[in-house]
Amino acid sequence: MRSEDEKYIKIALKLAGKAKGMTSPNPCVGALVVKDGRIAGRGYHRFAGGPHAEIYALRQAGKRAKGATLYVSLEPCSHYGRTPPCTDSIISAGIKRIVAAMKDPNPKNNGKGLRILRRNGIKADVGILEAEARRLNEDFIKYITRRMPFVAVKVAQTLDGKIATCTGDSKWITGRKARRFVHKLRSEVDAIMVGAGTVLKDDPLLTVRLKGRVPQRRGRVPLQWGRKVKQPLRIILAGRSKIPSKARILNSRGGGVIIATTKEKSGRVDIRAFLKELAKSEITSVLIEGGGETIASAFEAGVVDKVYFFIAPKVIGGREAPTSVEGKGIENAGRAIGLKRTSFRKIGDDLLIEGYVID
């Protein structure tokens, strides 16, 4: 039974992943109704406010749901939110058994849904491929339990740690495949953040440029299907710097723009406090793309959860050439910021190192 459960949970996770970045502030969820060894219904949550994965799967299964097993990547909800509780529909459909990859981390649910189902005679198992399920919704888990966005840092650098030449030229450090991967990362987050220096030096768009039909979110309006791309919010940590009105980020179609300023003498925005404010607006994930000072301030504030370091097989050199992480730096090598659960892979000619910051 365990191997069969894993087989169907893998399918549910794959379904859930189809909407990665599109369901915020909700989690990504996939579901399957299985009866007599055959899939009778399947579905995934597509956008906040829309039907949950279980509802799609139950609707597709129809009468075949009675006596069937429901496989779901996350414990069904038992409370009213943007939609009614899924537990009611599961009970009404006559589901005999449910298998969930993990409990819902939302304090409003967190095991309550499973208890309700069990009290109604439905056998409920949880914890199948839980590690994979938690990775899929790592942003949601942090947001719902700590009321802070999940923060990732993306860096594109040379072998010697340079992100540009001494003249400021940075196009292109990495290759086309790596850049495409970054656009996919952008499409999966709620917001992209850079410092004023990056805007002044590089004049970036910070938009997602991918082919395909992906939903787009505008403010608090539900996702609109049929758009070409989902554009995340663009954030500039300006401090006391002035952003020119002609900057491309202010004159291009894409996600909205926030310019964060401060009256502090340091001229630096309190990044931790700012992230807490973003969470209040249901921003669950932020991708920091530079520059070196902004990334350094995020590490210093202890808000970084994950890193994506793209390393190009190139050497630039130069004392004045900017590096990927600047700031004051660590004085004792023994206290350097470490990573756990690291992975390495080639993307084109470049090497991508992923990892999670050790608490």
# chains A, B, ... in the order shown; residues from 1 in each chain; ligands from 1
>>> select_by_dssp(residues="segment 155-212 of chain A", states="helix (DSSP H, G or I)", output="NGL selection string")
:A and (176-187 or 196-202)
>>> residues_around(residues="segment 62-72 of chain A", least_positions_apart="6", cutoff="9 Å", atoms="only C-alpha atoms", output="list in words")
Asp5, Tyr8, Ile9, Ala12, Leu13, Val29, Gly30, Ala31, Leu32, Val33, Val34, Lys35, Asp36, Ala40, Gly41, Ala53, Glu54, Ile90, Ser92, Ala93, Gly94, Ile95, Lys96, Arg97, Ile98, Val99, Ala100, Ala101 and Met102 of chain A
>>> residues_around(residues="Lys201 of chain A", least_positions_apart="6", cutoff="10 Å", atoms="only C-alpha atoms", output="PDB file with N, CA and C atoms, in the first residue's frame")
ATOM      1  N   GLY A 168      31.280  48.686 -14.743  1.00  0.00           N
ATOM      2  CA  GLY A 168      29.862  48.470 -14.463  1.00  0.00           C
ATOM      3  C   GLY A 168      29.144  47.620 -15.481  1.00  0.00           C
ATOM      4  N   ASP A 169      29.851  47.134 -16.500  1.00  0.00           N
ATOM      5  CA  ASP A 169      29.217  46.306 -17.527  1.00  0.00           C
ATOM      6  C   ASP A 169      28.913  44.919 -16.955  1.00  0.00           C
ATOM      7  N   SER A 170      27.640  44.500 -17.054  1.00  0.00           N
ATOM      8  CA  SER A 170      27.249  43.203 -16.495  1.00  0.00           C
ATOM      9  C   SER A 170      26.472  42.330 -17.468  1.00  0.00           C
ATOM     10  N   GLY A 291      21.673  44.843  -5.639  1.00  0.00           N
ATOM     11  CA  GLY A 291      23.060  44.469  -5.852  1.00  0.00           C
ATOM     12  C   GLY A 291      23.718  43.958  -4.585  1.00  0.00           C
TER      13      GLY A 291
END
>>> closest_residue(among="A:Asp190, A:Glu277, A:Asp270, A:Glu6", to="Glu132 of chain A", atoms="only C-alpha atoms")
A:Glu6
>>> closest_residue(among="A:Gln231, A:Ser252, A:Asn109, A:Ser3", to="Ile128 of chain A", atoms="only C-alpha atoms")
A:Ser3
>>> select_by_dssp(residues="segment 42-170 of chain A", states="strand (DSSP E)", output="list of chain:residue names")
A:Arg42, A:Gly43, A:Tyr44, A:Thr69, A:Leu70, A:Tyr71, A:Val72, A:Arg97, A:Ile98, A:Val99, A:Ala100, A:Lys123, A:Ala124, A:Asp125, A:Val126, A:Phe150, A:Val151, A:Ala152, A:Val153, A:Lys154, A:Val155, A:Ala156, A:Gln157, A:Thr158
>>> residues_around(residues="Leu287 of chain A", least_positions_apart="4", cutoff="7 Å", atoms="only C-alpha atoms", output="PyMOL selection string")
chain A and resi 151-154+189+191-193
>>> write_last_selection(atoms="all heavy atoms", output="PDB file, in the first residue's frame")
ATOM      1  N   VAL A 151      12.221  34.410   1.699  1.00  0.00           N
ATOM      2  CA  VAL A 151      13.164  35.266   0.968  1.00  0.00           C
ATOM      3  C   VAL A 151      14.266  34.434   0.328  1.00  0.00           C
ATOM      4  O   VAL A 151      14.966  33.670   1.010  1.00  0.00           O
ATOM      5  CB  VAL A 151      13.792  36.322   1.905  1.00  0.00           C
ATOM      6  CG1 VAL A 151      14.817  37.169   1.139  1.00  0.00           C
ATOM      7  CG2 VAL A 151      12.716  37.208   2.508  1.00  0.00           C
ATOM      8  N   ALA A 152      14.402  34.567  -0.975  1.00  0.00           N
ATOM      9  CA  ALA A 152      15.482  33.910  -1.709  1.00  0.00           C
ATOM     10  C   ALA A 152      16.374  34.961  -2.339  1.00  0.00           C
ATOM     11  O   ALA A 152      15.905  36.045  -2.719  1.00  0.00           O
ATOM     12  CB  ALA A 152      14.918  32.984  -2.790  1.00  0.00           C
ATOM     13  N   VAL A 153      17.650  34.658  -2.429  1.00  0.00           N
ATOM     14  CA  VAL A 153      18.624  35.551  -3.063  1.00  0.00           C
ATOM     15  C   VAL A 153      19.123  34.899  -4.338  1.00  0.00           C
ATOM     16  O   VAL A 153      19.495  33.715  -4.334  1.00  0.00           O
ATOM     17  CB  VAL A 153      19.807  35.844  -2.120  1.00  0.00           C
ATOM     18  CG1 VAL A 153      20.999  36.408  -2.896  1.00  0.00           C
ATOM     19  CG2 VAL A 153      19.391  36.808  -1.023  1.00  0.00           C
ATOM     20  N   LYS A 154      19.105  35.661  -5.424  1.00  0.00           N
ATOM     21  CA  LYS A 154      19.635  35.171  -6.698  1.00  0.00           C
ATOM     22  C   LYS A 154      20.856  35.978  -7.071  1.00  0.00           C
ATOM     23  O   LYS A 154      20.843  37.200  -7.050  1.00  0.00           O
ATOM     24  CB  LYS A 154      18.562  35.292  -7.795  1.00  0.00           C
ATOM     25  CG  LYS A 154      18.955  34.655  -9.136  1.00  0.00           C
ATOM     26  CD  LYS A 154      19.815  35.525 -10.030  1.00  0.00           C
ATOM     27  CE  LYS A 154      19.153  36.800 -10.448  1.00  0.00           C
ATOM     28  NZ  LYS A 154      20.010  37.600 -11.391  1.00  0.00           N
ATOM     29  N   VAL A 189       7.379  33.848  -7.750  1.00  0.00           N
ATOM     30  CA  VAL A 189       7.398  34.630  -6.519  1.00  0.00           C
ATOM     31  C   VAL A 189       6.394  35.779  -6.598  1.00  0.00           C
ATOM     32  O   VAL A 189       5.953  36.161  -7.680  1.00  0.00           O
ATOM     33  CB  VAL A 189       8.811  35.174  -6.210  1.00  0.00           C
ATOM     34  CG1 VAL A 189       9.800  34.044  -6.007  1.00  0.00           C
ATOM     35  CG2 VAL A 189       9.286  36.128  -7.307  1.00  0.00           C
ATOM     36  N   ALA A 191       7.157  38.858  -5.362  1.00  0.00           N
ATOM     37  CA  ALA A 191       7.855  40.135  -5.542  1.00  0.00           C
ATOM     38  C   ALA A 191       9.330  39.925  -5.834  1.00  0.00           C
ATOM     39  O   ALA A 191       9.937  38.952  -5.384  1.00  0.00           O
ATOM     40  CB  ALA A 191       7.693  40.998  -4.293  1.00  0.00           C
ATOM     41  N   ILE A 192       9.899  40.865  -6.591  1.00  0.00           N
ATOM     42  CA  ILE A 192      11.336  40.923  -6.865  1.00  0.00           C
ATOM     43  C   ILE A 192      11.865  42.190  -6.209  1.00  0.00           C
ATOM     44  O   ILE A 192      11.237  43.250  -6.305  1.00  0.00           O
ATOM     45  CB  ILE A 192      11.616  40.975  -8.379  1.00  0.00           C
ATOM     46  CG1 ILE A 192      11.012  39.760  -9.079  1.00  0.00           C
ATOM     47  CG2 ILE A 192      13.119  41.051  -8.646  1.00  0.00           C
ATOM     48  CD1 ILE A 192      11.015  39.886 -10.586  1.00  0.00           C
ATOM     49  N   MET A 193      13.003  42.083  -5.544  1.00  0.00           N
ATOM     50  CA  MET A 193      13.547  43.230  -4.824  1.00  0.00           C
ATOM     51  C   MET A 193      14.974  43.517  -5.274  1.00  0.00           C
ATOM     52  O   MET A 193      15.783  42.600  -5.420  1.00  0.00           O
ATOM     53  CB  MET A 193      13.527  42.952  -3.311  1.00  0.00           C
ATOM     54  CG  MET A 193      14.033  44.103  -2.458  1.00  0.00           C
ATOM     55  SD  MET A 193      14.070  43.651  -0.690  1.00  0.00           S
ATOM     56  CE  MET A 193      12.318  43.532  -0.333  1.00  0.00           C
TER      57      MET A 193
END
